[in-house]
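Peer 1: Contents of work-v6.txt (compact mmCIF, C-alpha atoms and all ligand atoms) are given next:
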# COMPACT_ATOMS: atom_id res chain seq x y z
CA MET A 1 -1.04 -17.42 9.78
CA SER A 2 -1.65 -20.22 7.29
CA LEU A 3 -1.15 -19.45 3.63
CA SER A 4 -4.22 -21.22 2.32
CA PHE A 5 -4.54 -18.75 -0.57
CA VAL A 6 -1.43 -19.94 -2.46
CA SER A 7 -3.42 -22.24 -4.74
CA THR A 8 -5.22 -19.45 -6.65
CA SER A 9 -3.65 -17.18 -9.25
CA PRO A 10 -1.84 -14.13 -7.83
CA ILE A 11 -3.71 -10.83 -7.88
CA ILE A 12 -0.45 -8.97 -8.54
CA GLU A 13 2.45 -10.41 -10.45
CA VAL A 14 5.56 -8.42 -11.25
CA GLN A 15 8.01 -9.89 -13.74
CA ASN A 16 11.55 -8.62 -14.11
CA LEU A 17 10.63 -4.96 -13.59
CA THR A 18 13.36 -2.42 -14.23
CA GLN A 19 13.18 1.34 -13.92
CA ARG A 20 15.72 4.12 -14.23
CA PHE A 21 15.92 7.89 -13.96
CA GLY A 22 18.50 9.24 -16.38
CA THR A 23 21.50 6.99 -16.01
CA GLN A 24 20.56 5.86 -12.49
CA GLU A 25 18.89 2.45 -12.50
CA ILE A 26 16.61 2.21 -9.45
CA LEU A 27 14.93 -1.17 -9.98
CA HIS A 28 17.16 -3.92 -11.42
CA GLY A 29 14.68 -6.63 -12.31
CA ILE A 30 12.10 -7.09 -9.56
CA SER A 31 9.96 -10.22 -9.66
CA LEU A 32 7.36 -11.01 -7.04
CA SER A 33 3.75 -12.04 -6.71
CA VAL A 34 1.04 -11.17 -4.22
CA GLN A 35 -1.62 -13.76 -3.44
CA ARG A 36 -5.28 -12.91 -2.92
CA GLY A 37 -6.07 -12.01 0.66
CA GLU A 38 -2.51 -11.84 1.93
CA THR A 39 -0.61 -8.88 3.34
CA LEU A 40 2.81 -8.57 1.76
CA VAL A 41 5.23 -6.23 3.49
CA LEU A 42 7.92 -4.70 1.33
CA LEU A 43 10.90 -3.67 3.42
CA GLY A 44 13.89 -1.68 2.28
CA ARG A 45 16.18 1.22 3.01
CA SER A 46 15.04 4.81 2.37
CA GLY A 47 15.69 5.89 -1.19
CA GLY A 48 15.82 2.29 -2.36
CA GLY A 49 12.92 2.53 -4.77
CA LYS A 50 9.93 1.26 -2.76
CA SER A 51 7.63 4.17 -3.65
CA VAL A 52 8.76 3.99 -7.26
CA PHE A 53 7.88 0.28 -7.22
CA LEU A 54 4.39 0.91 -5.78
CA ARG A 55 3.62 3.53 -8.42
CA HIS A 56 4.09 0.86 -11.10
CA LEU A 57 1.35 -1.28 -9.54
CA ILE A 58 -1.35 1.31 -10.31
CA GLY A 59 0.13 2.45 -13.59
CA LEU A 60 1.34 5.84 -12.33
CA MET A 61 4.72 4.80 -13.78
CA ARG A 62 5.43 2.47 -16.66
CA PRO A 63 8.26 -0.08 -16.58
CA ALA A 64 11.43 0.61 -18.55
CA SER A 65 11.27 -3.15 -19.09
CA GLY A 66 9.40 -6.04 -17.52
CA LYS A 67 5.72 -6.56 -16.77
CA VAL A 68 3.11 -5.77 -14.13
CA LEU A 69 0.13 -8.13 -14.22
CA ILE A 70 -3.01 -7.27 -12.24
CA ASP A 71 -5.53 -10.12 -12.20
CA GLY A 72 -3.53 -11.66 -15.02
CA GLN A 73 -3.71 -8.54 -17.21
CA ASP A 74 -0.50 -6.78 -18.26
CA ILE A 75 -1.13 -3.12 -17.39
CA SER A 76 2.15 -1.75 -18.82
CA SER A 77 0.64 -0.81 -22.17
CA LEU A 78 -2.88 0.23 -21.13
CA THR A 79 -4.27 3.66 -21.99
CA GLU A 80 -5.15 6.11 -19.19
CA ARG A 81 -8.81 5.23 -19.70
CA GLN A 82 -8.17 1.50 -19.38
CA LEU A 83 -6.04 2.18 -16.31
CA GLU A 84 -9.02 3.79 -14.57
CA HIS A 85 -10.60 0.37 -14.47
CA VAL A 86 -7.47 -1.11 -12.87
CA ARG A 87 -7.34 1.72 -10.31
CA LYS A 88 -10.86 0.85 -9.15
CA LYS A 89 -9.48 -2.52 -8.08
CA ILE A 90 -6.52 -1.00 -6.24
CA GLY A 91 -6.67 1.69 -3.57
CA MET A 92 -3.51 3.51 -2.57
CA LEU A 93 -2.66 5.19 0.71
CA PHE A 94 -0.03 7.75 -0.23
CA GLN A 95 2.73 8.56 2.23
CA ASP A 96 1.55 12.12 2.88
CA GLY A 97 -2.14 11.14 2.95
CA ALA A 98 -2.79 13.56 0.08
CA LEU A 99 -6.08 14.90 1.50
CA PHE A 100 -7.75 17.89 -0.13
CA ASP A 101 -7.28 20.64 2.45
CA SER A 102 -10.29 22.61 1.23
CA MET A 103 -12.68 19.69 1.75
CA ASN A 104 -13.97 18.28 5.03
CA VAL A 105 -13.57 14.62 5.99
CA PHE A 106 -16.89 13.63 4.42
CA GLU A 107 -16.09 15.25 1.05
CA ASN A 108 -12.58 13.82 1.01
CA VAL A 109 -13.89 10.30 1.53
CA ALA A 110 -16.77 10.78 -0.94
CA PHE A 111 -14.44 12.12 -3.63
CA PRO A 112 -13.69 8.84 -5.48
CA LEU A 113 -17.43 8.00 -5.62
CA ARG A 114 -18.24 11.36 -7.21
CA GLU A 115 -15.26 10.94 -9.56
CA HIS A 116 -16.67 7.60 -10.70
CA GLY A 117 -19.99 9.28 -11.47
CA GLU A 118 -22.06 8.39 -8.40
CA ARG A 119 -24.91 10.95 -8.07
CA ASP A 120 -27.20 9.28 -5.52
CA GLU A 121 -26.61 11.36 -2.35
CA ASN A 122 -28.21 8.74 -0.09
CA ARG A 123 -25.90 6.05 -1.42
CA ILE A 124 -22.91 8.36 -1.03
CA GLN A 125 -23.88 9.09 2.60
CA GLU A 126 -24.34 5.41 3.33
CA LYS A 127 -20.99 4.42 1.83
CA VAL A 128 -19.05 7.24 3.50
CA ALA A 129 -20.62 6.38 6.87
CA HIS A 130 -19.58 2.76 6.43
CA ALA A 131 -16.01 3.67 5.41
CA LEU A 132 -15.65 6.06 8.36
CA GLN A 133 -16.94 3.39 10.70
CA LEU A 134 -14.32 0.95 9.37
CA VAL A 135 -11.53 3.33 10.38
CA SER A 136 -13.29 4.35 13.64
CA LEU A 137 -13.90 7.95 12.54
CA SER A 138 -17.69 8.05 12.79
CA GLY A 139 -18.86 11.51 13.87
CA HIS A 140 -15.79 13.33 12.53
CA ASP A 141 -17.17 13.88 9.04
CA LYS A 142 -17.50 17.69 9.29
CA LYS A 143 -13.89 18.28 10.39
CA MET A 144 -11.40 19.95 8.08
CA PRO A 145 -8.03 18.22 7.47
CA VAL A 146 -6.12 21.07 9.18
CA ASN A 147 -7.91 20.18 12.44
CA LEU A 148 -7.04 16.49 12.35
CA SER A 149 -4.16 14.75 14.12
CA GLY A 150 -1.61 12.83 12.03
CA GLY A 151 -3.30 9.53 12.81
CA MET A 152 -6.75 10.86 11.91
CA ARG A 153 -5.46 12.20 8.60
CA LYS A 154 -4.10 8.74 7.79
CA ARG A 155 -7.40 7.13 8.77
CA THR A 156 -9.36 9.59 6.60
CA ALA A 157 -7.07 8.79 3.67
CA LEU A 158 -7.60 5.11 4.40
CA ALA A 159 -11.40 5.52 4.40
CA ARG A 160 -11.04 7.23 1.02
CA ALA A 161 -8.87 4.38 -0.25
CA VAL A 162 -11.47 1.73 0.68
CA ILE A 163 -14.64 3.60 -0.38
CA SER A 164 -14.62 2.07 -3.87
CA GLN A 165 -14.28 -1.42 -2.35
CA PRO A 166 -10.93 -2.19 -3.94
CA ALA A 167 -9.68 -5.77 -4.00
CA CYS A 168 -6.25 -4.53 -3.05
CA ILE A 169 -4.78 -1.68 -0.99
CA LEU A 170 -1.26 -0.34 -1.33
CA TYR A 171 0.16 1.42 1.72
CA ASP A 172 3.21 3.66 1.35
CA GLU A 173 4.91 4.00 4.77
CA PRO A 174 1.58 4.06 6.66
CA THR A 175 3.22 4.54 10.08
CA ALA A 176 5.99 6.99 9.13
CA GLY A 177 6.01 10.06 11.35
CA LEU A 178 3.42 8.66 13.79
CA ASP A 179 4.08 7.90 17.44
CA PRO A 180 4.09 4.21 18.51
CA ILE A 181 0.54 4.25 19.88
CA VAL A 182 -0.94 5.83 16.77
CA SER A 183 1.16 3.46 14.65
CA ASP A 184 -0.39 0.57 16.54
CA THR A 185 -3.86 1.88 15.63
CA ILE A 186 -2.90 1.96 11.94
CA ASN A 187 -1.44 -1.57 12.11
CA LYS A 188 -4.64 -2.84 13.69
CA LEU A 189 -6.68 -1.13 10.97
CA ILE A 190 -4.61 -2.78 8.24
CA ARG A 191 -5.42 -6.14 9.85
CA ARG A 192 -9.09 -5.22 10.34
CA LEU A 193 -9.49 -4.34 6.65
CA GLN A 194 -7.80 -7.58 5.64
CA LYS A 195 -10.21 -9.58 7.81
CA GLN A 196 -13.45 -7.64 7.23
CA LEU A 197 -13.05 -6.82 3.54
CA GLN A 198 -10.76 -9.73 2.55
CA VAL A 199 -8.51 -7.21 0.83
CA THR A 200 -5.06 -7.98 -0.42
CA SER A 201 -2.48 -5.54 0.89
CA VAL A 202 1.01 -4.43 -0.01
CA VAL A 203 2.57 -2.46 2.83
CA VAL A 204 5.78 -0.57 2.14
CA THR A 205 7.64 0.26 5.31
CA HIS A 206 10.96 0.39 7.10
CA ASP A 207 9.15 -0.03 10.45
CA MET A 208 9.91 -3.56 11.72
CA THR A 209 7.26 -3.34 14.47
CA SER A 210 4.63 -2.64 11.86
CA ALA A 211 5.97 -5.44 9.63
CA ASN A 212 5.74 -7.92 12.51
CA HIS A 213 2.19 -6.86 13.19
CA VAL A 214 0.70 -6.99 9.69
CA ALA A 215 2.84 -9.25 7.47
CA ASP A 216 1.90 -12.66 6.15
CA ARG A 217 4.94 -12.55 3.90
CA ILE A 218 7.91 -10.22 3.62
CA ALA A 219 9.92 -9.08 0.65
CA LEU A 220 13.19 -7.27 1.35
CA MET A 221 14.35 -4.96 -1.39
CA HIS A 222 18.06 -4.25 -1.49
CA GLU A 223 19.95 -2.33 -4.19
CA GLY A 224 17.03 -2.59 -6.60
CA ARG A 225 16.54 -6.33 -6.23
CA ILE A 226 14.45 -8.63 -4.05
CA HIS A 227 17.02 -9.97 -1.61
CA PHE A 228 14.59 -12.06 0.45
CA PHE A 229 11.02 -13.26 -0.10
CA GLY A 230 9.28 -15.49 2.43
CA THR A 231 6.92 -15.78 5.37
CA LEU A 232 7.31 -13.67 8.50
CA GLU A 233 8.48 -16.82 10.32
CA GLU A 234 11.14 -17.52 7.68
CA PHE A 235 12.29 -13.91 7.91
CA HIS A 236 12.80 -14.22 11.67
CA ALA A 237 14.52 -17.60 11.38
CA SER A 238 17.02 -16.34 8.80
CA ARG A 239 20.69 -15.72 9.70
CA ASP A 240 21.26 -13.58 6.60
CA PRO A 241 23.33 -10.54 7.72
CA LEU A 242 21.21 -8.09 5.72
CA LEU A 243 18.02 -9.34 7.35
CA LEU A 244 19.61 -9.26 10.78
CA ASP A 245 20.68 -5.62 10.23
CA PHE A 246 17.08 -4.80 9.44
CA LEU A 247 15.70 -6.72 12.41
CA HIS A 248 18.10 -5.02 14.80
CA GLY A 249 18.20 -1.59 13.13
CA ARG A 250 21.97 -1.74 12.52
CA SER A 251 24.04 0.40 10.16
CA HIS A 252 27.57 -0.30 8.89
CA GLU A 253 28.12 3.05 7.21
CA ILE A 254 30.11 4.61 10.10
CA ASP A 255 31.93 1.52 11.44
N1 LIG B 1 10.29 11.09 -10.54
C1 LIG B 1 11.57 10.89 -10.21
N2 LIG B 1 12.58 11.42 -10.96
C2 LIG B 1 13.87 11.20 -10.63
N3 LIG B 1 14.28 10.46 -9.59
C3 LIG B 1 13.34 9.90 -8.82
C4 LIG B 1 11.94 10.08 -9.08
N4 LIG B 1 11.24 9.40 -8.14
C5 LIG B 1 12.15 8.81 -7.33
N5 LIG B 1 13.41 9.11 -7.74
C6 LIG B 1 14.65 8.61 -7.13
O1 LIG B 1 14.54 7.20 -7.06
C7 LIG B 1 15.13 6.71 -5.86
C8 LIG B 1 14.13 5.85 -5.12
O2 LIG B 1 13.10 6.68 -4.61
P1 LIG B 1 11.87 6.13 -3.75
O3 LIG B 1 11.16 5.07 -4.51
O4 LIG B 1 11.08 7.31 -3.35
O5 LIG B 1 12.60 5.46 -2.48
P2 LIG B 1 11.91 4.85 -1.16
O6 LIG B 1 10.44 4.97 -1.31
O7 LIG B 1 12.40 3.44 -1.07
O8 LIG B 1 12.44 5.67 -0.01
C9 LIG B 1 15.61 7.92 -5.09
O9 LIG B 1 16.99 8.08 -5.36
C10 LIG B 1 14.80 9.04 -5.68
O10 LIG B 1 15.50 10.25 -5.58
MG MG B 2 9.04 6.07 -0.24
Just dump the structure as structure tokens.

Peer 2:
Amino acid sequence: MSLSFVSTSPIIEVQNLTQRFGTQEILHGISLSVQRGETLVLLGRSGGGKSVFLRHLIGLMRPASGKVLIDGQDISSLTERQLEHVRKKIGMLFQDGALFDSMNVFENVAFPLREHGERDENRIQEKVAHALQLVSLSGHDKKMPVNLSGGMRKRTALARAVISQPACILYDEPTAGLDPIVSDTINKLIRRLQKQLQVTSVVVTHDMTSANHVADRIALMHEGRIHFFGTLEEFHASRDPLLLDFLHGRSHEID
């Protein structure tokens, strides 16, 4: 895919982000930018700090040092109220889906609209129908989360993430725990949303098949730093041992 969007200012820019828990430093100075309309895949080992990193992008965590700029605005020092405005621009698909088990599919998807003060029931119905159609879940609106398959739960969560028409969607391990066929559905949806809504996406994963399917560019996080940042083609052309281990699913811990 051509990277025609590189001329405009990045929608997300992270500068020298560090974060620690107690004495354990998790992020050691992460810098990267995400261009409008692209899908950036962030790869890295489990426990490496990918989810922690994502939480900084919507202000759920604040940097120990460094900056997170969204649309050029540094969000590190915003109040909760100011952050609400930022969170309207950025939808997040949490790893566990985080659906409300007591609400049916319709109410789960409508939730952000009601939260933002929408009272017009016709408009809510229209928007929910459109979001469900985007994730191919039309007709399932009365189902309760407990009666959904893993893939359908993810798609419901995705409909909820796009209902406020965010400019950007963050996906935390969207294919984890799903079988390859269902994973393929999710990968196709990530691409569909990019094309139909022109959204910018950041996809955190350790699933190389998914990365190959959705990535315009790849960032590889290793020991709290960005070890590689480039296009999918550059990633595949690289002879870097760390990248090759990832591509081939190799471990050196028990050699
Ligand atoms: N709120 C927290 N308090 C303390 N430690 C945390 C917290 N969140 C994450 N960690 C630790 O930070 C590290 C990175 O976690 P995480 O970002 O979830 O990794 P990944 O998503 O790459 O698998 C792990 O060692 C985890 O235990
Ligand atoms: Mg994680």

Peer 1: Can you pull out the residues contacting Asp141 of chain A? Cut-off 7 Å, using all atoms listed in the file, and skip same-chain residues under 2 positions away; I want them as a ChimeraX atom specification.

Peer 2: /A:104-106,138-139,143

Peer 1: Rounded to one decimal, what separation in Å do you get between atom CA of Thr209 of chain A and atom CA of Ser183 of chain A?

Peer 2: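 Spanning atom CA of Thr209 of chain A to atom CA of Ser183 of chain A is a straight-line distance of 9.1 Å.
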
Peer 1: Hey, which residues come within 7 Å of ligand LIG 1 (chain B) if we count only C-alpha atoms and all ligand atoms? Could you give them as a PyMOL selection string?

Peer 2: chain A and resi 21+26+44-53

Peer 1: For the atom pair atom CA of Leu83 of chain A and atom CA of Ile58 of chain A, what is the interatomic distance in Å to one decimal place?

Peer 2: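 Atom-to-atom, atom CA of Leu83 of chain A and atom CA of Ile58 of chain A are spaced 7.7 Å apart.
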
Peer 1: Give as a list in words each residue that has an atom at most 12 Å from (3.0, -11.7, -18.5) in the file, counting only C-alpha atoms.

Peer 2: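 Applying the cut-off with only C-alpha atoms, one gets Pro10, Ile12, Glu13, Val14, Gln15, Asn16, Leu17, Ser31, Ser33, Ser65, Gly66, Lys67, Val68, Leu69, Ile70, Asp71, Gly72, Gln73, Asp74, Ile75, Ser76 and Ser77 of chain A.
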
Peer 1: Those same residues, written as a PDB file, keeping the file's coordinate frame with C-alpha atoms?

Peer 2:
ATOM      1  CA  PRO A  10      -1.840 -14.130  -7.830  1.00  0.00           C
ATOM      2  CA  ILE A  12      -0.450  -8.970  -8.540  1.00  0.00           C
ATOM      3  CA  GLU A  13       2.450 -10.410 -10.450  1.00  0.00           C
ATOM      4  CA  VAL A  14       5.560  -8.420 -11.250  1.00  0.00           C
ATOM      5  CA  GLN A  15       8.010  -9.890 -13.740  1.00  0.00           C
ATOM      6  CA  ASN A  16      11.550  -8.620 -14.110  1.00  0.00           C
ATOM      7  CA  LEU A  17      10.630  -4.960 -13.590  1.00  0.00           C
ATOM      8  CA  SER A  31       9.960 -10.220  -9.660  1.00  0.00           C
ATOM      9  CA  SER A  33       3.750 -12.040  -6.710  1.00  0.00           C
ATOM     10  CA  SER A  65      11.270  -3.150 -19.090  1.00  0.00           C
ATOM     11  CA  GLY A  66       9.400  -6.040 -17.520  1.00  0.00           C
ATOM     12  CA  LYS A  67       5.720  -6.560 -16.770  1.00  0.00           C
ATOM     13  CA  VAL A  68       3.110  -5.770 -14.130  1.00  0.00           C
ATOM     14  CA  LEU A  69       0.130  -8.130 -14.220  1.00  0.00           C
ATOM     15  CA  ILE A  70      -3.010  -7.270 -12.240  1.00  0.00           C
ATOM     16  CA  ASP A  71      -5.530 -10.120 -12.200  1.00  0.00           C
ATOM     17  CA  GLY A  72      -3.530 -11.660 -15.020  1.00  0.00           C
ATOM     18  CA  GLN A  73      -3.710  -8.540 -17.210  1.00  0.00           C
ATOM     19  CA  ASP A  74      -0.500  -6.780 -18.260  1.00  0.00           C
ATOM     20  CA  ILE A  75      -1.130  -3.120 -17.390  1.00  0.00           C
ATOM     21  CA  SER A  76       2.150  -1.750 -18.820  1.00  0.00           C
ATOM     22  CA  SER A  77       0.640  -0.810 -22.170  1.00  0.00           C
TER      23      SER A  77
END

Peer 1: Could you tell me which of A:Arg55, A:His222, A:His252, A:Arg191 comes closest to ligand MG 2 (chain B) if we count all atoms listed in the file?

Peer 2: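 Looking at the shortest contact to ligand MG 2 (chain B), the residue is A:Arg55.
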
Peer 1: Within 6 Å of segment 97-103 of chain A, counting all atoms listed in the file, which residues qualify if same-chain residues fewer than 4 places away don't, as a ChimeraX atom specification?

Peer 2: /A:107-108,145,154,157

Peer 1: Kindly indicate which residue among A:Thr39, A:Ser238, A:Thr8, A:Gln95 lies nearest to ligand MG 2 (chain B), using only C-alpha atoms and all ligand atoms for the distances.

Peer 2: A:Gln95

Peer 1: Rounded to one decimal in Å, what is the spacing between atom CA of Arg155 of chain A and atom CA of Glu80 of chain A?

Peer 2: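 Pair atom CA of Arg155 of chain A / atom CA of Glu80 of chain A returns 28.1 Å.
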
Peer 1: When distances are computed from only C-alpha atoms and all ligand atoms, which of A:Gly29, A:His130, A:Asp172, A:Ser149 shows the smallest separation from ligand MG 2 (chain B)?

Peer 2: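 Closest to ligand MG 2 (chain B) of all the choices is A:Asp172.
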
Peer 1: From the options A:Asn122, A:Thr205, A:Thr175, A:Ser9, which residue's atoms come nearest to ligand MG 2 (chain B), counting all atoms listed in the file?

Peer 2: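 Closest residue, counting all atoms listed in the file: A:Thr205.
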
Peer 1: Out of A:Glu25, A:Glu126, A:Glu173, A:Glu115, which residue has the shortest atom-to-atom distance to ligand MG 2 (chain B) when counting only C-alpha atoms and all ligand atoms?

Peer 2: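 Of the candidates, the smallest distance to ligand MG 2 (chain B) is held by A:Glu173.
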
Peer 1: Mind completing segment 230-250 of chain A with N, CA and C atoms? Output as a CSV table (one decimal), in the coordinates of the input, please?

Peer 2:
chain,number,residue,atom,x,y,z
A,230,GLY,N,9.7,-14.3,1.7
A,230,GLY,CA,9.3,-15.5,2.4
A,230,GLY,C,8.3,-15.1,3.5
A,231,THR,N,7.9,-16.1,4.3
A,231,THR,CA,6.9,-15.8,5.4
A,231,THR,C,7.6,-15.0,6.5
A,232,LEU,N,6.8,-14.4,7.4
A,232,LEU,CA,7.3,-13.7,8.5
A,232,LEU,C,8.2,-14.6,9.4
A,233,GLU,N,7.7,-15.8,9.5
A,233,GLU,CA,8.5,-16.8,10.3
A,233,GLU,C,9.9,-17.1,9.7
A,234,GLU,N,9.9,-17.3,8.4
A,234,GLU,CA,11.1,-17.5,7.7
A,234,GLU,C,12.1,-16.3,7.8
A,235,PHE,N,11.5,-15.1,7.8
A,235,PHE,CA,12.3,-13.9,7.9
A,235,PHE,C,13.0,-13.9,9.3
A,236,HIS,N,12.2,-14.2,10.3
A,236,HIS,CA,12.8,-14.2,11.7
A,236,HIS,C,13.8,-15.4,11.9
A,237,ALA,N,13.6,-16.5,11.2
A,237,ALA,CA,14.5,-17.6,11.4
A,237,ALA,C,15.8,-17.4,10.6
A,238,SER,N,15.9,-16.5,9.7
A,238,SER,CA,17.0,-16.3,8.8
A,238,SER,C,18.2,-15.8,9.5
A,239,ARG,N,19.4,-16.2,9.1
A,239,ARG,CA,20.7,-15.7,9.7
A,239,ARG,C,21.4,-14.8,8.7
A,240,ASP,N,20.7,-14.5,7.6
A,240,ASP,CA,21.3,-13.6,6.6
A,240,ASP,C,21.6,-12.2,7.2
A,241,PRO,N,22.9,-11.8,7.1
A,241,PRO,CA,23.3,-10.5,7.7
A,241,PRO,C,22.5,-9.3,7.4
A,242,LEU,N,22.0,-9.2,6.1
A,242,LEU,CA,21.2,-8.1,5.7
A,242,LEU,C,19.9,-8.1,6.5
A,243,LEU,N,19.3,-9.3,6.6
A,243,LEU,CA,18.0,-9.3,7.4
A,243,LEU,C,18.2,-9.0,8.8
A,244,LEU,N,19.3,-9.5,9.4
A,244,LEU,CA,19.6,-9.3,10.8
A,244,LEU,C,19.8,-7.8,11.0
A,245,ASP,N,20.5,-7.1,10.1
A,245,ASP,CA,20.7,-5.6,10.2
A,245,ASP,C,19.3,-4.9,10.3
A,246,PHE,N,18.4,-5.4,9.5
A,246,PHE,CA,17.1,-4.8,9.4
A,246,PHE,C,16.3,-5.1,10.7
A,247,LEU,N,16.4,-6.3,11.2
A,247,LEU,CA,15.7,-6.7,12.4
A,247,LEU,C,16.2,-5.9,13.6
A,248,HIS,N,17.5,-5.7,13.6
A,248,HIS,CA,18.1,-5.0,14.8
A,248,HIS,C,18.4,-3.5,14.6
A,249,GLY,N,18.0,-3.0,13.4
A,249,GLY,CA,18.2,-1.6,13.1
A,249,GLY,C,19.7,-1.2,13.2
A,250,ARG,N,20.5,-2.0,12.5
A,250,ARG,CA,22.0,-1.7,12.5
A,250,ARG,C,22.5,-1.1,11.2
